>>> print(open('query-v3.txt').read())   # compact mmCIF, C-alpha atoms
# COMPACT_ATOMS: atom_id res chain seq x y z
CA PRO T 1 -15.34 -1.70 45.08
CA CYS T 2 -13.85 -3.91 42.41
CA SER T 3 -10.83 -6.08 42.98
CA VAL T 4 -8.42 -5.78 40.05
CA GLY T 5 -4.96 -7.14 39.31
CA GLU T 6 -1.78 -5.27 38.50
CA TRP T 7 -1.38 -3.42 35.22
CA SER T 8 0.47 -5.31 32.48
CA THR T 9 3.53 -3.78 30.88
CA TRP T 10 2.86 -1.31 28.08
CA SER T 11 2.50 -2.70 24.57
CA GLU T 12 4.72 -1.48 21.77
CA CYS T 13 3.69 1.76 20.10
CA SER T 14 1.06 1.03 17.44
CA ALA T 15 2.86 3.15 14.84
CA VAL T 16 6.24 3.04 13.15
CA CYS T 17 7.91 6.36 12.45
CA SER T 18 4.88 8.37 13.60
CA SER T 19 2.53 8.99 16.50
CA GLY T 20 0.36 6.16 17.75
CA PHE T 21 -0.90 4.56 20.96
CA LYS T 22 0.34 2.02 23.44
CA PHE T 23 -1.90 -0.06 25.69
CA ARG T 24 -1.88 -1.93 28.98
CA TRP T 25 -4.56 -3.99 30.71
CA ARG T 26 -5.42 -5.80 33.91
CA ASP T 27 -7.79 -8.50 35.04
CA VAL T 28 -10.80 -8.17 37.32
CA LYS T 29 -10.23 -10.53 40.26
CA GLU T 30 -13.60 -10.09 41.95
CA ARG T 31 -16.75 -8.44 40.66
CA PRO T 32 -19.24 -7.92 43.49
CA PRO T 33 -22.65 -6.37 42.62
CA THR T 34 -21.30 -2.94 43.55
CA CYS T 35 -18.52 -3.28 40.93
CA VAL T 36 -19.98 -1.44 37.95
CA SER T 37 -17.23 -0.63 35.48
CA PRO T 38 -13.67 -1.33 36.55
CA GLU T 39 -10.89 0.26 34.57
CA VAL T 40 -9.21 -2.68 32.82
CA LEU T 41 -7.74 -1.03 29.71
CA ASP T 42 -5.44 1.97 29.63
CA ARG T 43 -4.30 3.84 26.50
CA GLU T 44 -1.56 6.42 26.12
CA ALA T 45 -0.26 8.40 23.14
CA CYS T 46 3.26 7.53 22.02
CA VAL T 47 5.81 8.35 19.34
CA ASP T 48 7.71 5.39 17.97
CA GLY T 49 11.32 5.44 19.16
CA ALA T 50 12.65 5.60 15.62
CA ALA T 51 10.49 8.63 14.93
CA ALA T 52 11.70 10.39 18.07
CA GLY T 53 15.24 10.21 16.70
CA GLY T 54 14.18 11.00 13.16
CA CYS T 55 13.09 8.08 11.02
CA ALA T 56 14.88 7.67 7.74
CA PRO T 57 12.40 8.02 4.90
CA GLU T 58 11.67 5.07 2.67
CA ARG T 59 14.08 5.16 -0.26
CA PHE T 60 13.64 3.83 -3.78
CA GLY T 61 16.08 3.32 -6.64
CA GLU T 62 15.81 5.01 -10.00
CA TRP T 63 13.14 3.86 -12.42
CA ALA T 64 14.41 1.31 -14.95
CA PRO T 65 13.85 2.18 -18.62
CA TRP T 66 10.43 1.43 -20.05
CA SER T 67 10.03 -2.07 -21.43
CA SER T 68 9.28 -2.61 -25.12
CA CYS T 69 5.67 -2.33 -26.16
CA SER T 70 3.91 -5.68 -25.74
CA THR T 71 2.64 -5.61 -29.33
CA SER T 72 4.08 -4.87 -32.75
CA CYS T 73 0.77 -3.59 -34.13
CA GLY T 74 -1.97 -1.65 -32.40
CA VAL T 75 -2.27 -1.01 -28.70
CA GLY T 76 -0.18 -2.74 -26.06
CA ASN T 77 1.31 -2.13 -22.66
CA ARG T 78 4.73 -1.31 -21.35
CA GLU T 79 6.07 -1.07 -17.82
CA ARG T 80 9.00 -0.04 -15.73
CA ARG T 81 10.11 -1.02 -12.24
CA ARG T 82 12.32 0.14 -9.43
CA ALA T 83 13.63 -1.38 -6.23
CA ARG T 84 13.05 -0.35 -2.62
CA LEU T 85 16.47 0.49 -1.21
CA SER T 86 15.54 1.02 2.43
CA ALA T 87 12.57 1.18 4.75
CA PRO T 88 12.12 1.85 8.44
CA ALA T 89 12.86 -1.32 10.39
CA GLY T 90 10.31 -3.27 12.35
CA PRO T 91 7.68 -5.94 11.88
CA ARG T 92 4.83 -3.43 11.80
CA TYR T 93 6.11 -1.58 8.75
CA ALA T 94 3.88 -2.18 5.74
CA ALA T 95 5.18 -3.10 2.32
CA PRO T 96 5.18 -0.25 -0.19
CA ALA T 97 2.22 0.20 -2.49
CA ARG T 98 2.57 -1.63 -5.79
CA SER T 99 2.48 1.70 -7.63
CA ALA T 100 5.64 2.74 -5.76
CA LEU T 101 7.55 -0.14 -7.34
CA ARG T 102 5.90 -0.59 -10.74
CA GLN T 103 4.31 1.67 -13.34
CA GLY T 104 2.50 0.77 -16.53
CA GLU T 105 1.04 2.63 -19.46
CA ALA T 106 -0.55 2.07 -22.85
CA CYS T 107 1.67 2.13 -25.90
CA THR T 108 1.39 1.76 -29.67
CA ALA T 109 3.95 0.13 -31.88
CA ALA T 110 6.46 2.50 -33.43
CA SER T 111 6.11 0.87 -36.83
CA SER T 112 2.97 1.00 -38.91
CA CYS T 113 0.69 -2.01 -39.02
CA ASP T 114 1.30 -3.89 -42.24
CA GLN T 115 -0.83 -6.77 -41.09
CA PRO T 116 -4.61 -6.84 -40.60
CA CYS T 117 -5.70 -5.39 -37.29
CA ASP T 118 -7.34 -7.60 -34.70
CA GLU T 119 -10.49 -5.57 -34.08
CA ALA T 120 -11.54 -7.66 -31.06
CA ALA T 121 -8.15 -7.19 -29.40
CA LEU T 122 -8.27 -3.47 -30.04
CA ARG T 123 -11.76 -3.21 -28.55
CA ARG T 124 -10.57 -5.12 -25.45
CA GLY T 125 -7.68 -2.68 -25.25
CA LEU T 126 -10.10 0.24 -25.44
CA GLU T 127 -12.10 -1.21 -22.56
CA ALA T 128 -9.00 -1.95 -20.47
CA ILE T 129 -6.94 1.17 -21.15
CA GLU T 130 -8.34 4.63 -21.66
CA GLY T 131 -6.43 7.25 -23.59
CA ALA T 132 -5.65 8.87 -26.87
CA LEU T 133 -3.19 6.15 -27.91
CA VAL T 134 -5.95 3.56 -27.98
CA GLY T 135 -8.29 5.83 -29.90
CA ALA T 136 -5.56 6.61 -32.41
CA SER T 137 -4.95 2.90 -33.01
CA LEU T 138 -8.64 2.23 -33.51
CA GLU T 139 -8.81 5.07 -36.02
CA HIS T 140 -5.71 3.72 -37.78
CA CYS T 141 -7.43 0.37 -38.23
CA GLY T 142 -10.67 1.97 -39.39
CA VAL T 143 -12.66 0.73 -36.39
CA LEU T 144 -13.78 4.20 -35.24
>>> encode(input="query-v3.txt", output="structure tokens")
Amino acid sequence: PCSVGEWSTWSECSAVCSSGFKFRWRDVKERPPTCVSPEVLDREACVDGAAAGGCAPERFGEWAPWSSCSTSCGVGNRERRRARLSAPAGPRYAAPARSALRQGEACTAASSCDQPCDEAALRRGLEAIEGALVGASLEHCGVL
């Protein structure tokens, strides 16, 4: 038989505010030829302590108003942001996805273009941003 040490203490649960696993391990002290596969790693299902008591959901503030369009003629971009108000505590909690904090969209200037259109910029906009607003601007400038 194999000679093994004592089990370590259990690790923290691998999840925050959900089900996960915890682990413990032990060393092999002696491995004679008859020792084939000693059990050195143990895994057990767990529910994070915060989840057991009911984890507070991640909370976000209201969306700020949309920014002004980035251009005065043709196609541009605008964005809006919001803040994260609270998140489950703990070092294993991941930061929120960028899309949870910031949104962007294509926009066209509210006023008509009295200046010549920059065809190259509009084509770059068409490649970067899909949508009817871009197509409408290209038509306005006579590119399409």
>>> residues_around(input="query-v3.txt", residues="range 24-38 of chain T", least_positions_apart="4", cutoff="12 Å", atoms="only C-alpha atoms", output="PyMOL selection string")
chain T and resi 1-13+42-45
>>> closest_residue(input="query-v3.txt", among="T:Cys46, T:Cys107, T:Glu39, T:Arg82", to="Glu62 in chain T", atoms="all atoms listed in the file")
T:Arg82
>>> atom_distance(input="query-v3.txt", atom1="CA of Thr108 in chain T", atom2="CA of Arg78 in chain T")
9.5 Å
>>> atom_distance(input="query-v3.txt", atom1="CA of Arg84 in chain T", atom2="CA of Ser19 in chain T")
23.7 Å
>>> axis_aligned_box(input="query-v3.txt", around="range 24-29 of chain T", padding_each_side="5 Å", output="JSON")
{"center_x": -6.3, "center_y": -6.2, "center_z": 34.6, "size_x": 18.9, "size_y": 18.6, "size_z": 21.3}
>>> atom_distance(input="query-v3.txt", atom1="CA of Gly20 in chain T", atom2="CA of Val47 in chain T")
6.1 Å
>>> residues_around(input="query-v3.txt", residues="Trp63 in chain T", least_positions_apart="4", cutoff="9 Å", atoms="all atoms listed in the file", output="ChimeraX atom specification")
/T:80-83,101-102
>>> closest_residue(input="query-v3.txt", among="T:Lys22, T:Ala15, T:Val40, T:Gly61", to="Ala100 in chain T", atoms="only C-alpha atoms")
T:Gly61
>>> residues_around(input="query-v3.txt", residues="Ser86 in chain T", least_positions_apart="6", cutoff="8 Å", atoms="only C-alpha atoms", output="list in words")
Glu58, Arg59 and Phe60 of chain T
>>> closest_residue(input="query-v3.txt", among="T:Ala87, T:Ala109, T:Ser14, T:Leu41", to="Val75 in chain T", atoms="all atoms listed in the file")
T:Ala109
